[in-house]
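So this block is model-v2.txt, compact mmCIF, C-alpha atoms and all ligand atoms:
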# COMPACT_ATOMS: atom_id res chain seq x y z
CA MET A 150 -19.00 -14.39 -5.74
CA PHE A 151 -21.95 -12.38 -7.06
CA ASP A 152 -23.66 -12.35 -3.65
CA LYS A 153 -20.66 -11.08 -1.68
CA THR A 154 -20.73 -7.51 -0.37
CA ALA A 155 -17.05 -7.29 -1.40
CA PHE A 156 -17.96 -8.16 -5.00
CA ALA A 157 -17.29 -5.01 -7.04
CA GLY A 158 -17.67 -6.14 -10.63
CA HIS A 159 -14.66 -8.45 -10.43
CA GLU A 160 -13.86 -10.04 -13.78
CA SER A 161 -12.94 -13.43 -12.36
CA VAL A 162 -11.79 -15.31 -9.30
CA HIS A 163 -9.71 -18.48 -9.56
CA HIS A 164 -9.67 -21.01 -6.73
CA VAL A 165 -6.56 -23.16 -6.79
CA PHE A 166 -5.96 -26.47 -5.04
CA ASP A 167 -2.81 -28.54 -5.44
CA ALA A 168 -3.10 -31.95 -3.79
CA LYS A 169 0.63 -32.67 -3.74
CA THR A 170 1.68 -29.52 -1.87
CA GLY A 171 -1.60 -28.71 -0.12
CA LEU A 172 -1.72 -25.29 -1.79
CA ARG A 173 -5.04 -23.55 -1.27
CA ALA A 174 -4.97 -20.23 -3.04
CA ILE A 175 -7.36 -17.69 -4.52
CA ILE A 176 -6.41 -15.43 -7.40
CA ALA A 177 -8.85 -12.54 -7.80
CA ILE A 178 -8.83 -10.40 -10.91
CA HIS A 179 -10.81 -7.23 -10.35
CA SER A 180 -10.07 -5.39 -13.57
CA THR A 181 -7.93 -5.72 -16.69
CA VAL A 182 -9.34 -2.58 -18.34
CA ARG A 183 -6.03 -0.69 -18.04
CA GLY A 184 -3.82 -3.74 -18.58
CA PRO A 185 -2.91 -7.04 -16.92
CA ALA A 186 -4.07 -7.27 -13.33
CA ALA A 187 -1.15 -6.72 -10.95
CA GLY A 188 -0.95 -7.12 -7.20
CA GLY A 189 1.04 -9.13 -4.70
CA CYS A 190 0.50 -12.50 -3.09
CA ARG A 191 -0.48 -12.57 0.58
CA MET A 192 -0.10 -15.63 2.79
CA TRP A 193 -2.36 -15.54 5.83
CA ASN A 194 -3.86 -18.02 8.25
CA TYR A 195 -7.47 -17.02 7.60
CA ALA A 196 -10.09 -18.37 10.00
CA THR A 197 -12.25 -19.60 7.13
CA ALA A 198 -12.05 -20.06 3.36
CA ASP A 199 -14.73 -17.39 3.09
CA ASP A 200 -12.46 -14.88 4.87
CA ALA A 201 -9.71 -15.65 2.34
CA PHE A 202 -12.18 -15.17 -0.51
CA VAL A 203 -13.45 -11.82 0.79
CA ASP A 204 -9.88 -10.59 1.41
CA ALA A 205 -8.90 -11.50 -2.16
CA LEU A 206 -11.93 -9.59 -3.51
CA ARG A 207 -11.23 -6.53 -1.35
CA LEU A 208 -7.48 -6.41 -1.98
CA SER A 209 -7.77 -6.92 -5.73
CA GLU A 210 -10.25 -4.05 -6.03
CA GLY A 211 -7.84 -1.89 -4.02
CA MET A 212 -5.05 -2.72 -6.49
CA SER A 213 -7.20 -1.52 -9.40
CA TYR A 214 -7.58 1.83 -7.64
CA LYS A 215 -3.90 2.09 -6.70
CA ASN A 216 -2.65 1.20 -10.19
CA ALA A 217 -5.12 3.58 -11.83
CA MET A 218 -4.15 6.51 -9.61
CA ALA A 219 -0.47 5.82 -10.32
CA ASP A 220 -1.39 6.07 -14.01
CA LEU A 221 0.00 2.63 -14.77
CA PRO A 222 -0.99 0.39 -17.69
CA LEU A 223 -2.07 -2.22 -15.16
CA GLY A 224 -5.33 -3.51 -13.79
CA GLY A 225 -5.99 -4.81 -10.31
CA GLY A 226 -5.54 -8.31 -8.96
CA LYS A 227 -4.36 -10.10 -5.87
CA SER A 228 -3.63 -13.64 -4.78
CA VAL A 229 -3.97 -15.08 -1.32
CA ILE A 230 -2.60 -18.34 0.00
CA TRP A 231 -4.61 -19.81 2.84
CA GLY A 232 -1.96 -21.02 5.31
CA ASN A 233 0.48 -20.18 8.05
CA SER A 234 3.44 -18.31 6.60
CA LYS A 235 5.66 -19.43 9.51
CA THR A 236 4.97 -23.18 9.29
CA ASP A 237 3.33 -24.04 5.95
CA LYS A 238 5.79 -22.65 3.41
CA THR A 239 7.72 -24.92 1.05
CA PRO A 240 9.44 -24.19 -2.25
CA ASP A 241 7.00 -26.60 -3.95
CA LEU A 242 4.00 -24.70 -2.56
CA PHE A 243 5.19 -21.57 -4.35
CA ARG A 244 6.08 -23.54 -7.49
CA ALA A 245 2.46 -24.77 -7.51
CA LEU A 246 1.28 -21.18 -7.15
CA GLY A 247 3.57 -20.26 -10.06
CA ARG A 248 1.91 -22.91 -12.26
CA ALA A 249 -1.52 -21.52 -11.37
CA ILE A 250 -0.39 -17.99 -12.28
CA GLU A 251 1.12 -19.27 -15.54
CA SER A 252 -2.19 -20.93 -16.43
CA LEU A 253 -3.79 -17.46 -16.55
CA ASN A 254 -1.52 -16.55 -19.49
CA GLY A 255 -0.49 -13.12 -18.21
CA ALA A 256 -3.90 -11.87 -17.09
CA TYR A 257 -2.39 -11.63 -13.58
CA TRP A 258 1.09 -10.54 -12.40
CA SER A 259 2.15 -11.31 -8.85
CA ALA A 260 4.78 -10.04 -6.39
CA GLU A 261 5.42 -10.27 -2.65
CA ASP A 262 2.94 -9.10 -0.04
CA VAL A 263 2.39 -9.78 3.67
CA GLY A 264 3.78 -13.21 4.62
CA VAL A 265 5.53 -13.77 1.28
CA SER A 266 9.22 -13.05 0.61
CA VAL A 267 11.28 -12.33 -2.49
CA GLN A 268 12.74 -15.84 -2.10
CA ASP A 269 9.22 -17.40 -2.05
CA MET A 270 8.31 -15.60 -5.26
CA ALA A 271 11.59 -16.71 -6.82
CA PHE A 272 10.29 -20.31 -6.47
CA ALA A 273 7.02 -19.28 -8.14
CA ALA A 274 9.07 -17.64 -10.90
CA GLU A 275 10.59 -21.03 -11.76
CA GLU A 276 7.14 -21.93 -13.15
CA THR A 277 5.90 -18.63 -14.55
CA LYS A 278 7.22 -15.44 -16.09
CA TYR A 279 4.37 -13.41 -14.56
CA VAL A 280 6.13 -12.60 -11.28
CA SER A 281 7.79 -9.29 -10.41
CA GLY A 282 9.52 -7.80 -7.37
CA LEU A 283 12.46 -10.15 -7.87
CA SER A 284 16.02 -9.40 -6.85
CA THR A 285 17.62 -10.98 -9.91
CA GLY A 286 16.77 -11.07 -13.60
CA ARG A 287 16.83 -8.79 -16.59
CA ALA A 288 14.58 -6.04 -15.23
CA ALA A 289 14.68 -6.83 -11.48
CA SER A 290 13.49 -3.80 -9.55
CA GLY A 291 14.54 -4.94 -6.07
CA ASP A 292 13.25 -3.36 -2.87
CA PRO A 293 10.48 -0.86 -3.74
CA SER A 294 10.66 0.89 -0.33
CA PRO A 295 13.02 3.76 -1.28
CA VAL A 296 10.72 4.72 -4.18
CA THR A 297 7.64 4.39 -1.97
CA ALA A 298 9.29 6.59 0.67
CA LYS A 299 10.27 9.21 -1.91
CA GLY A 300 6.66 9.35 -3.16
CA VAL A 301 5.36 9.62 0.41
CA PHE A 302 7.84 12.42 1.14
CA LEU A 303 6.79 14.42 -1.94
CA GLY A 304 3.10 13.69 -1.27
CA LEU A 305 3.46 14.82 2.34
CA LYS A 306 4.96 18.08 1.07
CA ALA A 307 2.01 18.50 -1.34
CA ALA A 308 -0.39 18.05 1.60
CA ALA A 309 1.66 20.47 3.75
CA LEU A 310 1.43 23.09 1.01
CA ARG A 311 -2.36 22.87 1.10
CA ALA A 312 -2.65 22.79 4.89
CA PHE A 313 -0.02 25.37 5.85
CA GLY A 314 0.43 27.47 2.69
CA THR A 315 4.04 26.31 2.28
CA ASP A 316 5.70 22.97 1.62
CA ASP A 317 8.84 24.00 3.49
CA LEU A 318 9.23 21.37 6.20
CA ASN A 319 11.96 23.22 8.06
CA GLY A 320 10.88 23.23 11.72
CA ARG A 321 7.63 21.29 11.04
CA HIS A 322 6.89 18.72 13.69
CA ILE A 323 6.07 15.30 12.21
CA ALA A 324 5.00 12.25 14.23
CA VAL A 325 6.05 9.06 12.43
CA GLN A 326 4.55 5.66 13.25
CA GLY A 327 6.82 2.85 12.02
CA VAL A 328 10.45 3.25 11.00
CA GLY A 329 10.78 0.06 8.95
CA HIS A 330 11.61 0.01 5.25
CA VAL A 331 9.35 2.89 4.18
CA GLY A 332 9.32 4.82 7.47
CA GLY A 333 13.11 4.62 7.82
CA PHE A 334 13.82 6.09 4.38
CA LEU A 335 11.05 8.65 4.90
CA CYS A 336 12.56 9.87 8.18
CA GLY A 337 15.85 10.45 6.33
CA HIS A 338 14.12 12.70 3.77
CA LEU A 339 12.17 14.53 6.48
CA ALA A 340 15.24 15.16 8.64
CA ASN A 341 17.19 16.42 5.61
CA ALA A 342 14.34 18.87 4.98
CA GLY A 343 14.73 20.20 8.54
CA ALA A 344 11.63 18.61 10.07
CA LYS A 345 11.47 17.91 13.80
CA LEU A 346 10.60 14.24 14.27
CA THR A 347 8.85 12.23 16.95
CA ILE A 348 8.99 8.53 16.12
CA THR A 349 7.68 5.22 17.38
CA ASP A 350 8.06 1.54 16.52
CA VAL A 351 7.85 -1.80 18.32
CA ASN A 352 11.36 -2.60 17.08
CA ALA A 353 13.70 -0.87 19.57
CA GLU A 354 16.79 -1.42 17.43
CA ALA A 355 15.28 0.24 14.35
CA LEU A 356 13.99 3.09 16.52
CA GLU A 357 17.38 3.82 18.02
CA ALA A 358 19.12 3.71 14.64
CA VAL A 359 16.67 6.22 13.14
CA ALA A 360 16.77 8.43 16.24
CA ARG A 361 20.58 8.49 16.08
CA ALA A 362 20.57 9.38 12.39
CA THR A 363 17.86 12.04 12.56
CA GLY A 364 17.83 13.42 16.11
CA ALA A 365 14.22 12.24 16.50
CA ARG A 366 12.48 11.99 19.85
CA ILE A 367 11.15 8.50 20.69
CA VAL A 368 7.72 7.80 22.18
CA ALA A 369 5.94 4.55 23.11
CA PRO A 370 3.84 2.95 20.33
CA ASN A 371 0.49 3.86 21.80
CA ALA A 372 1.56 7.45 22.60
CA ILE A 373 2.08 8.45 18.97
CA TYR A 374 -1.62 9.34 18.50
CA ASP A 375 -1.45 11.92 21.32
CA VAL A 376 1.61 13.77 20.04
CA GLU A 377 0.81 17.40 19.32
CA ALA A 378 2.41 17.89 15.90
CA ASP A 379 1.78 19.38 12.47
CA ILE A 380 1.64 16.06 10.62
CA PHE A 381 1.01 12.41 11.54
CA SER A 382 2.68 9.93 9.20
CA PRO A 383 1.54 6.29 9.58
CA ASN A 384 4.02 3.83 8.07
CA ALA A 385 3.33 0.62 9.94
CA LEU A 386 -0.15 -0.82 10.30
CA GLY A 387 -3.58 -0.70 8.73
CA ALA A 388 -6.83 0.52 10.37
CA ILE A 389 -4.98 2.99 12.61
CA LEU A 390 -7.47 5.74 11.72
CA ASN A 391 -10.43 4.58 13.82
CA PRO A 392 -12.85 6.15 16.33
CA ASP A 393 -10.38 5.72 19.20
CA THR A 394 -7.39 7.35 17.47
CA LEU A 395 -9.39 10.06 15.67
CA SER A 396 -10.53 11.52 18.96
CA ARG A 397 -6.88 11.69 20.08
CA LEU A 398 -5.12 13.10 17.00
CA ARG A 399 -3.74 16.63 17.44
CA VAL A 400 -2.39 17.26 13.94
CA LYS A 401 -3.53 19.10 10.80
CA VAL A 402 -2.37 16.52 8.24
CA VAL A 403 -2.23 12.72 7.99
CA ALA A 404 0.19 11.58 5.28
CA GLY A 405 2.00 8.26 5.37
CA GLY A 406 2.79 5.12 3.42
CA ALA A 407 0.86 2.43 5.34
CA ASN A 408 -1.83 0.54 3.43
CA ASN A 409 -5.50 0.61 4.46
CA GLN A 410 -5.13 3.35 7.08
CA LEU A 411 -8.86 4.04 7.37
CA ALA A 412 -10.62 1.41 9.50
CA THR A 413 -13.75 2.19 7.44
CA PRO A 414 -14.32 4.75 4.66
CA ASP A 415 -16.41 6.95 6.96
CA MET A 416 -13.27 7.62 9.04
CA GLY A 417 -12.24 9.76 6.07
CA ASP A 418 -15.45 11.78 6.49
CA ARG A 419 -14.68 12.21 10.18
CA LEU A 420 -11.15 13.45 9.47
CA HIS A 421 -12.64 15.93 7.01
CA GLU A 422 -15.12 17.14 9.64
CA GLN A 423 -12.27 17.47 12.18
CA GLY A 424 -10.38 19.68 9.73
CA VAL A 425 -7.58 17.15 9.24
CA LEU A 426 -6.24 16.87 5.71
CA TYR A 427 -5.84 13.17 4.87
CA ALA A 428 -3.64 12.08 1.96
CA PRO A 429 -5.41 8.91 0.69
CA ASP A 430 -3.04 6.00 1.36
CA TYR A 431 -3.30 4.20 -1.96
CA VAL A 432 -2.47 7.40 -3.81
CA ILE A 433 0.46 8.65 -1.72
CA ASN A 434 2.07 5.19 -1.42
CA GLY A 435 1.91 4.33 -5.15
CA GLY A 436 5.69 4.65 -5.59
CA GLY A 437 6.18 0.98 -4.76
CA ILE A 438 3.85 -0.28 -7.47
CA ILE A 439 5.38 2.18 -9.94
CA ASN A 440 8.74 0.53 -9.23
CA VAL A 441 7.21 -2.92 -9.77
CA ALA A 442 5.50 -1.75 -12.98
CA ALA A 443 8.90 -0.72 -14.34
CA GLU A 444 9.99 -4.33 -13.88
CA ILE A 445 6.83 -5.73 -15.48
CA SER A 446 7.47 -3.55 -18.54
CA GLY A 447 10.58 -5.68 -19.12
CA ALA A 448 13.19 -2.91 -18.96
CA TYR A 449 13.68 -1.12 -15.66
CA ASP A 450 14.18 2.59 -16.35
CA PRO A 451 14.82 4.86 -13.32
CA ALA A 452 13.90 7.98 -15.32
CA TRP A 453 10.47 6.49 -16.11
CA VAL A 454 9.98 5.65 -12.42
CA GLU A 455 10.94 9.19 -11.39
CA ALA A 456 8.55 10.74 -13.93
CA LYS A 457 5.68 8.50 -12.77
CA VAL A 458 6.32 9.41 -9.13
CA GLN A 459 6.25 13.13 -10.01
CA ARG A 460 2.97 12.53 -11.87
CA LEU A 461 1.59 10.67 -8.83
CA VAL A 462 2.28 13.69 -6.62
CA LEU A 463 0.37 15.92 -9.06
CA THR A 464 -2.54 13.46 -8.98
CA LEU A 465 -2.53 13.57 -5.18
CA GLY A 466 -2.60 17.38 -5.40
CA ASP A 467 -5.64 17.15 -7.72
CA VAL A 468 -7.41 14.91 -5.19
CA LEU A 469 -6.72 17.32 -2.33
CA ASP A 470 -7.75 20.39 -4.34
CA ARG A 471 -10.97 18.81 -5.61
CA ALA A 472 -11.89 17.65 -2.12
CA LYS A 473 -11.39 21.18 -0.84
CA SER A 474 -13.40 22.87 -3.59
CA GLU A 475 -16.21 20.31 -3.30
CA GLY A 476 -16.16 20.25 0.52
CA ARG A 477 -15.78 16.46 0.58
CA ALA A 478 -13.49 13.92 2.21
CA THR A 479 -10.30 13.26 0.25
CA ASN A 480 -10.78 9.47 0.23
CA ARG A 481 -14.23 9.84 -1.37
CA VAL A 482 -12.78 12.03 -4.13
CA ALA A 483 -9.87 9.62 -4.70
CA ASP A 484 -12.23 6.62 -4.93
CA GLU A 485 -14.38 8.46 -7.45
CA MET A 486 -11.38 9.44 -9.60
CA ALA A 487 -10.02 5.88 -9.46
CA ARG A 488 -13.37 4.37 -10.47
CA LYS A 489 -13.54 6.73 -13.43
CA ARG A 490 -10.05 5.68 -14.53
CA ILE A 491 -11.03 1.99 -14.58
CA SER A 492 -14.47 2.41 -16.06
CA GLY A 493 -13.22 1.47 -19.52
P1 LIG B 501 8.25 -2.93 7.46
O1 LIG B 501 7.80 -4.21 8.05
O2 LIG B 501 9.64 -2.78 6.98
O3 LIG B 501 8.00 -1.73 8.50
C1 LIG B 501 6.90 -1.67 9.34
C2 LIG B 501 7.41 -1.17 10.68
O4 LIG B 501 6.28 -0.99 11.55
C3 LIG B 501 8.35 -2.17 11.37
O5 LIG B 501 9.54 -1.51 11.76
C4 LIG B 501 7.54 -2.63 12.57
O6 LIG B 501 8.33 -2.96 13.69
C5 LIG B 501 6.66 -1.43 12.82
N1 LIG B 501 5.47 -1.72 13.65
C6 LIG B 501 4.75 -2.86 13.73
N2 LIG B 501 3.77 -2.73 14.64
C7 LIG B 501 3.87 -1.48 15.13
C8 LIG B 501 3.13 -0.74 16.09
N3 LIG B 501 2.10 -1.28 16.76
N4 LIG B 501 3.50 0.55 16.33
C9 LIG B 501 4.55 1.10 15.70
N5 LIG B 501 5.29 0.44 14.77
C10 LIG B 501 4.95 -0.82 14.50
O7 LIG B 501 7.20 -2.61 6.28
P2 LIG B 501 7.31 -1.50 5.14
O8 LIG B 501 7.70 -2.17 3.88
O9 LIG B 501 8.09 -0.35 5.63
O10 LIG B 501 5.78 -1.10 5.00
C11 LIG B 501 5.16 -0.23 5.92
C12 LIG B 501 3.73 0.02 5.49
O11 LIG B 501 3.73 0.60 4.19
C13 LIG B 501 2.85 -1.21 5.37
O12 LIG B 501 1.52 -0.86 5.69
C14 LIG B 501 2.94 -1.56 3.90
O13 LIG B 501 1.82 -2.30 3.46
C15 LIG B 501 2.96 -0.18 3.29
N6 LIG B 501 3.55 -0.10 1.95
C16 LIG B 501 4.83 -0.47 1.75
C17 LIG B 501 5.39 -0.35 0.48
C18 LIG B 501 6.82 -0.70 0.22
O14 LIG B 501 7.35 -0.34 -0.83
N7 LIG B 501 7.50 -1.38 1.15
C19 LIG B 501 4.61 0.13 -0.59
C20 LIG B 501 3.29 0.53 -0.34
C21 LIG B 501 2.78 0.40 0.94

I need this file expressed as structure tokens, please.
Amino acid sequence: MFDKTAFAGHESVHHVFDAKTGLRAIIAIHSTVRGPAAGGCRMWNYATADDAFVDALRLSEGMSYKNAMADLPLGGGKSVIWGNSKTDKTPDLFRALGRAIESLNGAYWSAEDVGVSVQDMAFAAEETKYVSGLSTGRAASGDPSPVTAKGVFLGLKAAALRAFGTDDLNGRHIAVQGVGHVGGFLCGHLANAGAKLTITDVNAEALEAVARATGARIVAPNAIYDVEADIFSPNALGAILNPDTLSRLRVKVVAGGANNQLATPDMGDRLHEQGVLYAPDYVINGGGIINVAAEISGAYDPAWVEAKVQRLVLTLGDVLDRAKSEGRATNRVADEMARKRISG
């Protein structure tokens, strides 16, 4: 662990093997300075065990940053299961994961992530109380997407205010990539605010439903980067801000809910040089983890969630303002602020 480039002062990493179910999992705890480490469980068919290890290190560090910027009493952690989420899942596999989580005595809280469903985590929850994002139970918070989308909408307005001098979206042209859970709710907010939408997705059914509801124009997935618009809002995939797409973007703002939008941190520098205002993804999309944190606290309170989301938008504004006054890329400023918040 200490020799890995992805090692960033992680407190511990737990490698789990369960002979009966074949579970091979890694639970990485980056930081518990602010509170118990929280972050979802990803199931992925990694090429090698080393890839799984590095992903767990990288993702858990990212959760420390996200939780800190959302001002939550939570540290950063992540678990990964090495396996094929389509063919290798069994209830017992997740029960074994639950026992591993329980053995950490609350140092790590899990939830769903890529490849893992609410139902899978419900099996884990049979063995541990340190699971959130459930659909039943005393403080169940359910689908976090509406809260994420609300935070992205307010964050996008905060970025618009800085880029255009007004946060009025009436008549603003916004290109939206991905109209799934987050993107779908987001398009509703944007259309209600009078924005003109161009949307794309690989799911034709979802696209048509959102187009019908919002009057959006539809373009092919790869054409979204070439749309001349005020704002580009990525809500589907990671690494979509890369050398190829950056040379094509014709917008003034990038603000969307997708995780890990920058292929590499220096893409943030390039956006800055191109005069594009980028709302750092792990700040603007923190609504989802705020919703989960409300569940972890043991008593889901919508007013607390709303207040935290409002606070998140102010934090995003601070990041954008500091980046402007210091002439630096917004992602660099956000990383620096996050590191300060977890420095203990
Ligand atoms: P989702 O699966 O519901 O939606 C993603 C959408 O992207 C789908 O409709 C999918 O068809 C579409 N898509 C896939 N490939 C595409 C492509 N090449 N071009 C265009 N569209 C494509 O997922 P979601 O929950 O809405 O999450 C969207 C993003 O937001 C992800 O990056 C996720 O990690 C991030 N995020 C989600 C939440 C949340 O609360 N759900 C919170 C924080 C971050």

List the spatial neighbours of segment 466-476 of chain A as a CSV table (one decimal) with C-alpha atoms, in the coordinates of the input - criterion: any atom at most 10 Å away, all atoms listed in the file, same-chain residues fewer than 4 positions off excluded.
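As written to disk, result_24.csv reads:
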chain,number,residue,atom,x,y,z
A,304,GLY,CA,3.1,13.7,-1.3
A,306,LYS,CA,5.0,18.1,1.1
A,307,ALA,CA,2.0,18.5,-1.3
A,308,ALA,CA,-0.4,18.0,1.6
A,310,LEU,CA,1.4,23.1,1.0
A,311,ARG,CA,-2.4,22.9,1.1
A,312,ALA,CA,-2.6,22.8,4.9
A,421,HIS,CA,-12.6,15.9,7.0
A,422,GLU,CA,-15.1,17.1,9.6
A,426,LEU,CA,-6.2,16.9,5.7
A,427,TYR,CA,-5.8,13.2,4.9
A,428,ALA,CA,-3.6,12.1,2.0
A,429,PRO,CA,-5.4,8.9,0.7
A,432,VAL,CA,-2.5,7.4,-3.8
A,433,ILE,CA,0.5,8.6,-1.7
A,460,ARG,CA,3.0,12.5,-11.9
A,461,LEU,CA,1.6,10.7,-8.8
A,462,VAL,CA,2.3,13.7,-6.6
A,480,ASN,CA,-10.8,9.5,0.2
A,481,ARG,CA,-14.2,9.8,-1.4
A,482,VAL,CA,-12.8,12.0,-4.1
A,483,ALA,CA,-9.9,9.6,-4.7
A,484,ASP,CA,-12.2,6.6,-4.9
A,485,GLU,CA,-14.4,8.5,-7.4
A,486,MET,CA,-11.4,9.4,-9.6

May I have the residues within 9 Å of ligand LIG 501 (chain B), computed using all atoms listed in the file, as JSON, numbers by chain?
-> {"A": [262, 263, 292, 293, 294, 295, 296, 297, 298, 325, 326, 327, 328, 329, 330, 331, 332, 333, 334, 348, 349, 350, 351, 352, 353, 355, 356, 369, 370, 371, 373, 383, 384, 385, 386, 387, 405, 406, 407, 408, 409, 410, 430, 431, 433, 434, 435, 436, 437, 438, 440]}

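The interatomic distance for the pair atom CA of Val280 of chain A and atom CA of Leu335 of chain A works out to 27.2 Å.
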
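If you measure from each of A:Val267, A:Val403, A:Ile323, A:Ala187 to Ser213 of chain A using all atoms listed in the file, the closest one turns out to be A:Ala187.
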
What lies within 12 Å of Glu210 of chain A using only C-alpha atoms, ignoring chain neighbours under 5 positions off, as an MDAnalysis selection string?
-> chainID A and resid 155:162 177:181 186:188 203:205 215:217 224:228 431 484 487:488 491

Close residues, segment 390-401 of chain A itself excluded, 9 Å, all atoms listed in the file, min 5 positions apart in chain, as JSON, numbers by chain = {"A": [309, 312, 313, 323, 324, 373, 374, 375, 376, 377, 378, 379, 380, 381, 410, 411, 412, 413, 416, 417, 419, 420, 423, 424, 425, 426, 427]}

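Interatomic distance, atom CA of Ala198 of chain A against atom CA of Trp231 of chain A: 7.5 Å.
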
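Among the candidates A:Ala342, A:Ala245, A:Ile176, A:Ala271, the residue lying nearest to Arg207 of chain A is A:Ile176 (atoms considered: only C-alpha atoms).
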
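Atom CA of Thr277 of chain A to atom CA of Asn254 of chain A spans 9.2 Å [interatomic distance, one decimal].
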